[in-house]
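Peer 1: My file is my_file.cif. It has mmCIF, C-alpha atoms:
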```
data_my_file
#
loop_
_atom_site.label_atom_id
_atom_site.label_comp_id
_atom_site.auth_asym_id
_atom_site.auth_seq_id
_atom_site.Cartn_x
_atom_site.Cartn_y
_atom_site.Cartn_z
CA MET R 18 83.85 217.80 -11.50
CA MET R 19 82.32 219.34 -14.54
CA THR R 20 84.31 222.49 -14.18
CA ASN R 21 87.45 220.48 -13.66
CA HIS R 22 90.19 221.39 -16.08
CA GLY R 23 91.27 218.48 -18.24
CA ASN R 24 88.64 216.36 -16.55
CA ARG R 25 91.16 215.07 -14.05
CA ILE R 26 89.47 213.05 -11.39
CA THR R 27 89.98 214.47 -7.93
CA GLN R 28 89.63 211.65 -5.45
CA GLY R 29 91.71 211.02 -2.37
CA GLN R 30 94.77 212.93 -1.35
CA PHE R 31 96.98 215.06 -3.62
CA SER R 32 94.52 214.78 -6.50
CA PHE R 33 94.62 218.50 -7.28
CA LEU R 34 98.40 218.30 -7.61
CA PRO R 35 100.36 217.11 -10.63
CA ASP R 36 100.92 213.34 -10.64
CA LEU R 37 103.23 212.19 -7.87
CA THR R 38 106.70 211.04 -8.82
CA ASP R 39 107.98 207.69 -7.59
CA ALA R 40 110.16 209.46 -5.03
CA GLN R 41 107.14 211.32 -3.71
CA ILE R 42 105.08 208.13 -3.60
CA THR R 43 107.91 206.43 -1.70
CA ALA R 44 107.96 209.28 0.81
CA GLN R 45 104.22 208.95 1.36
CA ILE R 46 104.47 205.18 1.79
CA ASN R 47 107.28 205.74 4.26
CA TYR R 48 104.96 207.93 6.29
CA ALA R 49 102.26 205.24 6.26
CA LEU R 50 104.72 202.51 7.26
CA LYS R 51 106.08 204.69 10.03
CA ASN R 52 102.57 204.82 11.45
CA LYS R 53 102.25 201.03 11.11
CA TRP R 54 99.47 201.18 8.55
CA ALA R 55 99.00 198.36 6.06
CA VAL R 56 99.50 199.61 2.53
CA SER R 57 97.64 198.09 -0.38
CA VAL R 58 97.34 198.75 -4.10
CA GLU R 59 93.92 198.94 -5.78
CA TYR R 60 92.75 199.57 -9.33
CA THR R 61 89.54 200.25 -11.20
CA ASP R 62 88.23 201.51 -14.50
CA ASP R 63 85.01 202.75 -12.97
CA PRO R 64 86.05 205.85 -11.05
CA HIS R 65 82.52 206.88 -10.04
CA PRO R 66 82.80 208.72 -6.71
CA ARG R 67 80.39 206.22 -5.16
CA ASN R 68 82.50 203.29 -6.26
CA THR R 69 84.29 202.95 -2.95
CA TYR R 70 85.57 199.42 -3.33
CA TRP R 71 88.16 199.11 -6.05
CA GLU R 72 89.75 195.82 -7.06
CA MET R 73 92.70 194.81 -4.93
CA TYR R 74 95.98 194.17 -6.67
CA GLY R 75 97.45 191.37 -4.58
CA ASN R 76 97.05 191.20 -0.84
CA PRO R 77 97.37 194.11 1.55
CA MET R 78 101.01 194.28 2.57
CA PHE R 79 100.68 193.97 6.31
CA ASP R 80 104.21 193.23 7.39
CA LEU R 81 106.36 195.20 5.00
CA ARG R 82 108.98 197.40 6.56
CA ASP R 83 110.33 199.17 3.51
CA PRO R 84 108.59 201.16 0.74
CA ALA R 85 110.64 199.53 -2.03
CA GLY R 86 108.52 196.38 -1.88
CA ILE R 87 105.32 198.36 -2.30
CA LEU R 88 106.76 200.37 -5.17
CA VAL R 89 107.51 197.08 -6.91
CA GLU R 90 103.83 196.14 -6.58
CA ILE R 91 102.69 199.56 -7.82
CA ASN R 92 104.90 199.23 -10.87
CA ASN R 93 103.66 195.70 -11.50
CA CYS R 94 100.10 196.98 -11.32
CA ARG R 95 100.93 199.84 -13.69
CA LYS R 96 102.38 197.31 -16.10
CA THR R 97 99.27 195.14 -15.91
CA PHE R 98 96.77 198.00 -16.04
CA PRO R 99 98.55 200.86 -17.79
CA SER R 100 95.38 202.89 -18.35
CA HIS R 101 93.38 202.13 -15.24
CA TYR R 102 93.08 204.23 -12.15
CA ILE R 103 95.44 202.87 -9.51
CA ARG R 104 95.44 204.08 -5.94
CA VAL R 105 97.48 203.34 -2.85
CA THR R 106 95.58 202.92 0.39
CA ALA R 107 96.98 202.81 3.89
CA PHE R 108 94.78 200.99 6.37
CA ASP R 109 94.99 201.72 10.07
CA SER R 110 94.01 198.69 12.13
CA THR R 111 94.19 200.49 15.47
CA LYS R 112 91.07 199.84 17.53
CA GLY R 113 88.64 202.68 17.05
CA TRP R 114 90.10 203.65 13.67
CA GLU R 115 89.94 200.47 11.59
CA THR R 116 89.73 202.48 8.43
CA PRO R 117 91.88 203.70 5.56
CA ARG R 118 93.92 206.65 6.72
CA MET R 119 95.49 207.52 3.39
CA SER R 120 94.39 207.05 -0.17
CA TYR R 121 95.88 208.60 -3.27
CA ILE R 122 95.88 207.96 -6.99
CA VAL R 123 99.22 206.90 -8.47
CA ASN R 124 98.14 206.09 -12.02
CA ARG R 125 95.41 207.46 -14.24
CA PRO R 126 94.41 207.01 -17.89
CA LYS R 127 95.81 209.42 -20.46
CA VAL R 128 92.36 210.65 -21.47
CA GLU R 129 89.69 211.03 -18.83
CA PRO R 130 86.34 211.68 -20.48
CA GLY R 131 84.80 212.82 -17.22
CA PHE R 132 81.23 212.77 -15.98
CA ARG R 133 77.81 214.00 -16.99
CA LEU R 134 75.20 215.28 -14.59
CA ASP R 135 71.81 213.60 -15.14
CA ARG R 136 68.66 215.28 -13.87
CA ILE R 137 65.94 212.80 -13.01
CA GLU R 138 62.31 213.74 -12.52
CA ALA R 139 60.96 212.03 -9.44
CA GLU R 140 57.52 211.98 -7.84
CA GLY R 141 55.89 215.38 -7.65
CA ARG R 142 58.23 218.03 -8.97
CA THR R 143 61.19 216.53 -7.11
CA GLN R 144 64.44 216.76 -8.95
CA ARG R 145 67.05 214.06 -8.36
CA TYR R 146 70.56 214.12 -9.66
CA SER R 147 72.88 211.40 -10.79
CA ILE R 148 76.46 211.36 -12.00
CA HIS R 149 77.20 209.35 -15.10
CA SER R 150 80.69 208.43 -16.14
CA TYR R 151 81.15 208.60 -19.92
CA ALA R 152 83.80 205.93 -19.68
CA THR R 153 81.34 203.33 -18.35
CA GLU R 154 79.37 203.41 -21.59
CA LYS R 155 81.89 200.91 -22.86
CA PRO R 156 82.21 197.47 -21.27
CA GLU R 157 84.66 196.82 -18.50
CA GLY R 158 88.25 196.57 -19.66
CA GLU R 159 87.72 198.72 -22.80
CA ARG R 160 86.96 201.95 -21.05
CA TYR R 161 90.22 203.83 -21.21
CA MET P 29 120.41 206.43 -0.22
CA ASN P 30 122.07 206.59 -3.58
CA ASP P 31 120.18 209.38 -5.25
CA GLN P 32 121.45 212.16 -3.04
CA PRO P 33 121.92 215.43 -4.88
CA ALA P 34 125.39 216.06 -6.25
CA LYS P 35 127.58 217.34 -3.44
CA VAL P 36 130.86 219.11 -3.37
CA VAL P 37 133.48 216.39 -3.34
CA PRO P 38 135.59 216.68 -0.21
CA SER P 39 139.34 216.66 -0.66
CA ALA P 40 139.87 214.21 2.20
CA VAL P 41 137.68 211.95 4.25
CA ASP P 42 138.51 211.29 7.86
CA LEU P 43 138.04 207.55 8.24
CA LYS P 44 138.21 207.76 12.02
CA ALA P 45 135.45 210.35 12.06
CA LEU P 46 133.39 208.27 9.66
CA TYR P 47 133.92 205.25 11.90
CA ARG P 48 132.79 207.25 14.89
CA ASP P 49 129.83 208.92 13.20
CA THR P 50 128.40 205.72 11.85
CA GLU P 51 128.72 204.12 15.31
CA ILE P 52 129.68 200.77 13.85
CA GLY P 53 132.40 200.51 16.48
CA GLU P 54 129.70 200.05 19.07
CA THR P 55 128.07 197.24 17.09
CA LEU P 56 131.43 195.54 16.57
CA ASP P 57 132.22 195.81 20.27
CA ARG P 58 128.88 194.35 21.13
CA LEU P 59 129.60 191.48 18.76
CA ASP P 60 132.85 190.89 20.65
CA ARG P 61 131.17 191.10 24.01
CA GLU P 62 128.07 189.05 23.35
CA LEU P 63 129.60 186.28 21.32
CA VAL P 64 132.13 184.02 22.95
CA GLY P 65 134.94 182.70 20.77
CA LEU P 66 134.32 182.78 17.00
CA LYS P 67 137.63 184.54 16.47
CA PRO P 68 137.85 183.97 12.70
CA VAL P 69 134.28 185.16 12.24
CA LYS P 70 134.87 188.35 14.18
CA THR P 71 138.03 189.04 12.20
CA ARG P 72 136.16 188.58 8.93
CA ILE P 73 133.30 190.82 10.06
CA ARG P 74 135.80 193.51 11.00
CA GLU P 75 137.46 193.14 7.61
CA ILE P 76 134.15 193.44 5.81
CA ALA P 77 133.19 196.43 7.95
CA ALA P 78 136.49 198.09 7.08
CA LEU P 79 135.94 197.38 3.39
CA LEU P 80 132.46 198.86 3.51
CA LEU P 81 133.70 201.88 5.42
CA VAL P 82 136.43 202.55 2.88
CA GLU P 83 133.98 201.95 0.07
CA ARG P 84 131.71 204.55 1.59
CA ALA P 85 134.58 207.01 1.82
CA ARG P 86 135.37 206.28 -1.82
CA ARG P 87 131.80 206.97 -2.71
CA MET P 88 131.89 210.24 -0.81
CA MET P 89 134.93 211.19 -2.89
CA GLY P 90 133.06 210.21 -6.01
CA VAL P 91 135.41 207.39 -6.98
CA SER P 92 133.11 204.40 -7.31
CA ALA P 93 129.46 204.52 -8.21
CA ASP P 94 128.52 200.88 -7.93
CA SER P 95 127.75 199.53 -4.51
CA PRO P 96 130.13 196.74 -3.51
CA PRO P 97 128.78 193.19 -3.53
CA LEU P 98 127.19 192.56 -0.16
CA HIS P 99 125.60 189.13 -0.38
CA MET P 100 127.12 186.65 2.04
CA SER P 101 127.23 183.03 2.93
CA PHE P 102 127.55 181.83 6.52
CA THR P 103 128.57 178.21 6.88
CA GLY P 104 128.89 176.22 10.05
CA ASN P 105 127.25 173.68 12.30
CA PRO P 106 123.99 174.41 14.09
CA GLY P 107 124.18 176.68 17.10
CA THR P 108 127.39 178.43 16.10
CA GLY P 109 125.83 181.89 16.03
CA LYS P 110 125.01 182.39 12.35
CA THR P 111 121.65 184.04 12.95
CA THR P 112 123.01 186.29 15.68
CA VAL P 113 125.89 187.41 13.50
CA ALA P 114 123.45 188.03 10.63
CA ARG P 115 121.51 190.41 12.90
CA ARG P 116 124.69 192.29 13.82
CA MET P 117 125.70 192.36 10.16
CA ALA P 118 122.37 193.99 9.31
CA GLU P 119 123.07 196.63 11.95
CA ILE P 120 126.51 197.32 10.50
CA LEU P 121 125.18 197.55 6.95
CA HIS P 122 122.41 199.84 8.10
CA LYS P 123 124.76 202.11 10.01
CA LEU P 124 127.00 202.40 6.99
CA GLY P 125 124.02 203.26 4.83
CA TYR P 126 124.05 200.21 2.58
CA ILE P 127 120.55 199.14 3.58
CA ARG P 128 117.69 201.36 4.63
CA SER P 129 116.61 199.51 7.73
CA ASP P 130 118.28 196.94 9.96
CA HIS P 131 115.52 194.36 9.87
CA VAL P 132 116.36 190.74 9.15
CA VAL P 133 113.78 188.47 7.54
CA SER P 134 114.73 184.92 8.44
CA VAL P 135 113.30 182.23 6.17
CA THR P 136 113.77 178.57 5.26
CA ARG P 137 112.73 176.53 2.24
CA ASP P 138 109.14 176.30 3.47
CA ASP P 139 108.69 180.07 3.28
CA LEU P 140 109.93 180.31 -0.28
CA VAL P 141 108.85 177.17 -2.10
CA GLY P 142 105.21 176.44 -2.84
CA GLN P 143 103.40 173.15 -2.90
CA TYR P 144 101.94 173.18 -6.36
CA ILE P 145 102.57 174.77 -9.75
CA GLY P 146 102.28 178.53 -9.65
CA HIS P 147 102.46 178.67 -5.87
CA THR P 148 106.18 179.32 -5.59
CA ALA P 149 106.48 182.64 -7.40
CA PRO P 150 103.95 184.59 -5.32
CA LYS P 151 105.29 183.05 -2.12
CA THR P 152 108.89 183.91 -2.90
CA LYS P 153 107.96 187.41 -4.06
CA GLU P 154 106.03 188.00 -0.87
CA VAL P 155 109.11 187.12 1.19
CA LEU P 156 111.40 189.19 -1.01
CA LYS P 157 109.12 192.20 -0.69
CA LYS P 158 109.13 191.81 3.06
CA ALA P 159 112.91 191.69 3.13
CA MET P 160 113.46 194.66 0.84
CA GLY P 161 115.43 197.46 2.41
CA GLY P 162 116.93 195.00 4.85
CA VAL P 163 118.54 191.58 5.02
CA LEU P 164 117.08 188.30 3.81
CA PHE P 165 118.51 185.43 5.84
CA ILE P 166 117.94 182.04 4.24
CA ASP P 167 118.69 179.26 6.70
CA GLU P 168 119.69 175.87 5.27
CA ALA P 169 119.68 177.36 1.80
CA TYR P 170 120.78 174.10 0.14
CA TYR P 171 117.32 172.63 0.69
CA LEU P 172 116.15 175.00 -2.05
CA TYR P 173 117.95 172.84 -4.56
CA ARG P 174 116.91 169.21 -4.78
CA PRO P 175 118.73 167.57 -7.65
CA GLU P 176 117.03 164.21 -7.06
CA ASN P 177 113.67 165.68 -8.08
CA GLU P 178 113.87 167.56 -11.35
CA ARG P 179 110.36 168.89 -11.00
CA ASP P 180 111.08 170.38 -7.60
CA TYR P 181 109.87 173.95 -7.29
CA GLY P 182 113.00 174.98 -5.39
CA GLN P 183 114.76 175.78 -8.63
CA GLU P 184 112.05 178.31 -9.44
CA ALA P 185 112.61 180.03 -6.09
CA ILE P 186 116.35 180.19 -6.76
CA GLU P 187 115.79 181.75 -10.17
CA LEU P 188 113.42 184.35 -8.74
CA LEU P 189 115.90 185.08 -6.01
CA LEU P 190 118.72 185.60 -8.51
CA GLN P 191 116.53 187.80 -10.67
CA PHE P 192 115.61 189.91 -7.67
CA MET P 193 119.22 190.16 -6.49
CA GLU P 194 120.07 191.47 -9.95
CA ASP P 195 117.16 193.92 -10.35
CA HIS P 196 117.17 195.34 -6.86
CA ARG P 197 120.83 195.53 -5.98
CA ASP P 198 120.38 198.47 -3.66
CA ASP P 199 117.30 197.14 -1.93
CA LEU P 200 118.28 193.74 -0.67
CA VAL P 201 121.16 191.90 0.93
CA VAL P 202 120.93 188.13 0.95
CA ILE P 203 122.70 185.97 3.52
CA LEU P 204 122.66 182.22 2.95
CA ALA P 205 123.41 179.90 5.84
CA GLY P 206 123.90 176.21 6.40
CA TYR P 207 126.31 173.32 6.90
CA LYS P 208 129.60 173.86 5.13
CA ASP P 209 129.75 170.70 3.03
CA ARG P 210 126.18 170.94 1.81
CA MET P 211 126.56 174.63 1.00
CA ASP P 212 129.61 173.80 -1.09
CA ILE P 213 127.57 171.32 -3.11
CA PHE P 214 124.78 173.88 -3.41
CA PHE P 215 127.13 176.51 -4.78
CA LYS P 216 128.71 174.03 -7.15
CA SER P 217 125.36 173.19 -8.68
CA ASN P 218 124.20 176.83 -8.72
CA PRO P 219 127.05 178.81 -10.26
CA GLY P 220 124.75 181.81 -10.68
CA MET P 221 124.30 181.97 -6.96
CA ALA P 222 127.95 181.33 -6.17
CA SER P 223 129.12 184.17 -8.39
CA ARG P 224 126.88 186.65 -6.62
CA ILE P 225 128.03 185.80 -3.12
CA ALA P 226 131.00 187.95 -2.27
CA HIS P 227 131.75 187.01 1.31
CA HIS P 228 132.02 183.49 2.62
CA ILE P 229 132.34 183.20 6.36
CA ASP P 230 132.94 179.88 8.07
CA PHE P 231 131.77 179.47 11.65
CA PRO P 232 133.94 177.06 13.65
CA ASP P 233 132.55 174.82 16.38
CA PHE P 234 132.88 176.04 19.93
CA THR P 235 135.41 174.45 22.27
CA ALA P 236 134.33 173.10 25.66
CA ASP P 237 135.77 176.14 27.41
CA GLU P 238 133.89 178.50 25.13
CA LEU P 239 130.68 176.57 25.64
CA PHE P 240 131.13 176.83 29.41
CA ALA P 241 131.63 180.58 29.09
CA ILE P 242 128.47 180.69 26.97
CA SER P 243 126.51 178.76 29.58
CA GLU P 244 127.61 181.20 32.28
CA LEU P 245 126.67 184.14 30.06
CA MET P 246 123.27 182.64 29.31
CA ALA P 247 122.60 181.91 32.97
CA LYS P 248 123.55 185.44 33.85
CA GLU P 249 121.19 186.85 31.25
CA LEU P 250 118.36 184.80 32.76
CA HIS P 251 119.39 185.93 36.28
CA TYR P 252 120.57 182.53 37.42
CA ARG P 253 123.91 181.49 38.74
CA PHE P 254 125.61 178.20 39.42
CA ALA P 255 125.97 177.06 43.01
CA PRO P 256 129.53 176.25 44.13
CA GLY P 257 130.45 173.03 42.37
CA ALA P 258 127.60 173.28 39.88
CA GLY P 259 129.91 175.10 37.47
CA GLN P 260 132.24 172.13 37.48
CA THR P 261 129.29 169.80 36.88
CA MET P 262 128.17 171.98 33.98
CA ARG P 263 131.64 171.69 32.50
CA GLU P 264 131.48 167.90 32.78
CA TYR P 265 128.01 167.96 31.28
CA ILE P 266 129.28 169.93 28.29
CA GLU P 267 132.15 167.53 27.71
CA ARG P 268 129.80 164.54 27.80
CA ARG P 269 127.16 166.22 25.68
CA MET P 270 129.72 167.08 23.00
CA GLN P 271 130.39 163.38 22.47
CA GLN P 272 126.73 162.61 21.91
CA PRO P 273 124.85 162.73 18.61
CA ARG P 274 122.80 165.76 17.57
CA PHE P 275 125.02 168.12 19.49
CA SER P 276 124.31 171.63 18.28
CA ASN P 277 126.76 173.85 20.10
CA ALA P 278 125.27 176.86 21.86
CA ARG P 279 121.72 175.71 21.17
CA SER P 280 122.32 172.48 23.12
CA ILE P 281 123.66 174.54 26.00
CA ARG P 282 120.57 176.72 25.92
CA ASN P 283 118.37 173.62 26.04
CA ALA P 284 120.39 172.10 28.86
CA LEU P 285 120.02 175.28 30.83
CA ASP P 286 116.29 175.35 30.21
CA ARG P 287 115.96 171.80 31.50
CA ALA P 288 118.07 172.64 34.53
CA ARG P 289 115.71 175.54 35.23
CA LEU P 290 112.80 173.15 35.00
CA ARG P 291 114.37 170.78 37.52
CA GLN P 292 115.30 173.66 39.80
CA ALA P 293 111.70 174.90 39.78
CA ASN P 294 110.42 171.43 40.47
CA ARG P 295 112.88 170.95 43.33
CA LEU P 296 111.91 174.24 44.93
CA PHE P 297 108.23 173.49 44.56
CA GLU P 298 108.49 170.04 46.04
CA SER P 299 110.60 171.12 48.98
CA GLY P 300 107.70 173.39 49.88
CA GLY P 301 108.02 176.13 52.49
CA SER P 302 109.41 179.57 51.78
CA VAL P 303 112.22 180.33 49.36
CA THR P 304 114.75 183.13 49.38
CA LEU P 305 115.85 185.13 46.36
CA GLU P 306 119.09 183.20 46.49
CA ASP P 307 117.24 179.89 46.22
CA LEU P 308 115.34 181.18 43.22
CA GLU P 309 118.51 182.29 41.48
CA THR P 310 120.71 179.30 42.12
CA ILE P 311 121.09 176.22 39.98
CA THR P 312 122.63 173.41 42.04
CA THR P 313 124.76 170.45 41.08
CA ALA P 314 121.76 168.15 41.49
CA ASP P 315 119.77 170.09 38.90
CA ILE P 316 122.41 169.42 36.28
CA LEU P 317 123.32 165.91 37.45
CA ALA P 318 119.76 164.69 36.89
CA SER P 319 120.31 165.09 33.16
CA ARG P 320 119.98 162.17 30.79
CA VAL P 321 123.57 162.79 29.77
CA PHE P 322 124.85 161.60 33.14
CA THR P 323 122.53 158.64 33.61
CA GLN P 324 123.30 156.95 30.30
#
```
Hey, can you dump this file as structure tokens for me?
Peer 2:
Amino acid sequence: MMTNHGNRITQGQFSFLPDLTDAQITAQINYALKNKWAVSVEYTDDPHPRNTYWEMYGNPMFDLRDPAGILVEINNCRKTFPSHYIRVTAFDSTKGWETPRMSYIVNRPKVEPGFRLDRIEAEGRTQRYSIHSYATEKPEGERY
Amino acid sequence: MNDQPAKVVPSAVDLKALYRDTEIGETLDRLDRELVGLKPVKTRIREIAALLLVERARRMMGVSADSPPLHMSFTGNPGTGKTTVARRMAEILHKLGYIRSDHVVSVTRDDLVGQYIGHTAPKTKEVLKKAMGGVLFIDEAYYLYRPENERDYGQEAIELLLQFMEDHRDDLVVILAGYKDRMDIFFKSNPGMASRIAHHIDFPDFTADELFAISELMAKELHYRFAPGAGQTMREYIERRMQQPRFSNARSIRNALDRARLRQANRLFESGGSVTLEDLETITTADILASRVFTQ
């Protein structure tokens, strides 16, 4: 993370690649729909790697058959939160899986200040580490 | 579908080959086979299919860029096959590449209009999203518009629908359905909607002969057949039922058949003993004669 060029956050799939185009996003959604996974759109302005649960934008789209509807939602979310992180998640409800099978970022802020590594002295000479996002120094909603 | 890379424009397009490759002939034949009667409807569907086929050829030649208007209105009495035809239409549109999938989302007013302020928009959008890439079939569409209540939320749903039809031309085909007279009033009071509907198809009522053919077809599908004489009784039943109120064409026949099945099952059960396959498959005159239609 700290050696990451341009501080681009690398979470989920395709995050080392340049931003996906809408056509590429559509193709990925198509793949998810083909596998009968429920696609949902989520956003956050606290991209700490341990922040697993982002805010949901609308409901998960369980019975959509076509990617166009999801792209509409993604674009609505981009309009509402132009400089938040937005990701698309595909949830597999098959018994035994019951987990997101895909997750990739479709929108990110222009400037990503990145993270700082904090070293914390613990009992004895134990060294603990913590990751601190520079962006979270500002209150929610003003971060990017 | 529309953003294919620029191709070499062919000098001629073989319409026959296109017809064959897209396999719409098969869908049209199935329409002919599965639906009894409805001659004018079938003719119109064939005409529309031909138009769409030619339009596709034109597009292949690079003549027209805009997709032709595809939204339709199906008018006719209940049970005249509007929903079934809508399904076939979706197949045809899909095979010709005008929609991405052949799914039909069938909704009524309840699915679109909310119950309180701010409830309608999300509800309608949800439905529209579901229908994208396919066909949105709105049954009894005129209920969306209630002139007697100016604060009715139906108007909001109509506006959203129009907006969506405009913004997502390539993603959605809307088919409105309902009684002819009420649809006419609906279109008159919603000129925006009327101007966007390109194809109006009127579904005539079935004749008694057609209904009898339908009943035989339905029975066959369910693996039943009429005992000798029962066919004639069915015909009489149909003629009597047609005179009664709330007659809804093929749907009434379906219901009549279901009730006959019920009586047949009851008769077999009460007679006890063993039954043969033939007994299980046969609907007798008595099963039909016990109907309310004959006793009144």
Peer 1: Neighbours of Asp36 in chain R within 10 Å (all atoms listed in the file; same-chain residues fewer than 4 positions away dropped), as a list in words?
Peer 2: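 Selected residues are Phe31, Ser32, Gln41, Ile42, Ile122, Val123, Asn124 and Arg125 of chain R.
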Peer 1: The PyMOL selection byres ((chain R) within 12 of (chain P)) on the file shown: which residues, as an MDAnalysis selection string?
Peer 2: chainID R and resid 40 47 51 75:90 93
Peer 1: Name the residues that the PyMOL selection byres ((chain R and resi 65) around 10) pulls out of this structure, and write them as a list in words.
Peer 2: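 Taken on the displayed file, the PyMOL selection byres ((chain R and resi 65) around 10) yields the residues Ile26, Gln28, Thr61, Asp62, Asp63, Pro64, Pro66, Arg67, Asn68, Thr69, Gly131, Phe132, Ile148, His149, Ser150, Ala152 and Thr153 of chain R.
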Peer 1: Under the PyMOL selection byres ((chain P and resi 42) around 12), which residues of this model are included? Write them out as a ChimeraX atom specification.
Peer 2: /P:38-41,43-49,81-82,84-86,88-89
Peer 1: Between P:Val321, P:Leu239, P:Gly104, P:Asp195, which is the closest to Pro273 in chain P once you count all atoms listed in the file?
Peer 2: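 Closest to Pro273 in chain P, using all atoms listed in the file: P:Val321.
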Peer 1: How about completing range 98-112 of chain R with N, CA, C and O atoms and giving it to me as a short mmCIF file (atom, residue, chain, number, x, y, z; two decimals), keeping the file's coordinate frame?
Peer 2:
```
data_model
loop_
_atom_site.label_atom_id
_atom_site.label_comp_id
_atom_site.auth_asym_id
_atom_site.auth_seq_id
_atom_site.Cartn_x
_atom_site.Cartn_y
_atom_site.Cartn_z
N PHE R 98 97.90 197.12 -15.70
CA PHE R 98 96.77 198.00 -16.04
C PHE R 98 97.28 199.40 -16.34
O PHE R 98 97.11 200.33 -15.55
N PRO R 99 97.90 199.58 -17.52
CA PRO R 99 98.55 200.86 -17.79
C PRO R 99 97.57 202.02 -17.85
O PRO R 99 97.92 203.15 -17.56
N SER R 100 96.30 201.76 -18.23
CA SER R 100 95.38 202.89 -18.35
C SER R 100 94.17 202.71 -17.44
O SER R 100 93.05 203.04 -17.81
N HIS R 101 94.41 202.17 -16.27
CA HIS R 101 93.38 202.13 -15.24
C HIS R 101 93.73 203.18 -14.19
O HIS R 101 94.84 203.69 -14.16
N TYR R 102 92.76 203.45 -13.34
CA TYR R 102 93.08 204.23 -12.15
C TYR R 102 93.68 203.29 -11.13
O TYR R 102 93.14 202.21 -10.87
N ILE R 103 94.81 203.68 -10.55
CA ILE R 103 95.44 202.87 -9.51
C ILE R 103 95.63 203.77 -8.29
O ILE R 103 96.08 204.91 -8.42
N ARG R 104 95.25 203.27 -7.13
CA ARG R 104 95.44 204.08 -5.94
C ARG R 104 96.14 203.26 -4.87
O ARG R 104 96.08 202.03 -4.85
N VAL R 105 96.79 203.96 -3.98
CA VAL R 105 97.48 203.34 -2.85
C VAL R 105 96.70 203.71 -1.60
O VAL R 105 96.37 204.88 -1.39
N THR R 106 96.36 202.70 -0.82
CA THR R 106 95.58 202.92 0.39
C THR R 106 96.37 202.46 1.60
O THR R 106 97.01 201.42 1.55
N ALA R 107 96.32 203.22 2.65
CA ALA R 107 96.98 202.81 3.89
C ALA R 107 95.91 202.59 4.95
O ALA R 107 95.15 203.51 5.27
N PHE R 108 95.84 201.36 5.42
CA PHE R 108 94.78 200.99 6.37
C PHE R 108 95.32 201.00 7.79
O PHE R 108 96.35 200.41 8.09
N ASP R 109 94.60 201.66 8.66
CA ASP R 109 94.99 201.72 10.07
C ASP R 109 94.13 200.72 10.84
O ASP R 109 92.91 200.84 10.89
N SER R 110 94.77 199.72 11.43
CA SER R 110 94.01 198.69 12.13
C SER R 110 93.87 198.98 13.62
O SER R 110 93.35 198.17 14.36
N THR R 111 94.32 200.15 14.06
CA THR R 111 94.19 200.49 15.47
C THR R 111 92.72 200.46 15.88
O THR R 111 91.86 200.92 15.13
N LYS R 112 92.46 199.93 17.07
CA LYS R 112 91.07 199.84 17.53
C LYS R 112 90.48 201.24 17.59
O LYS R 112 91.09 202.18 18.10
#
```
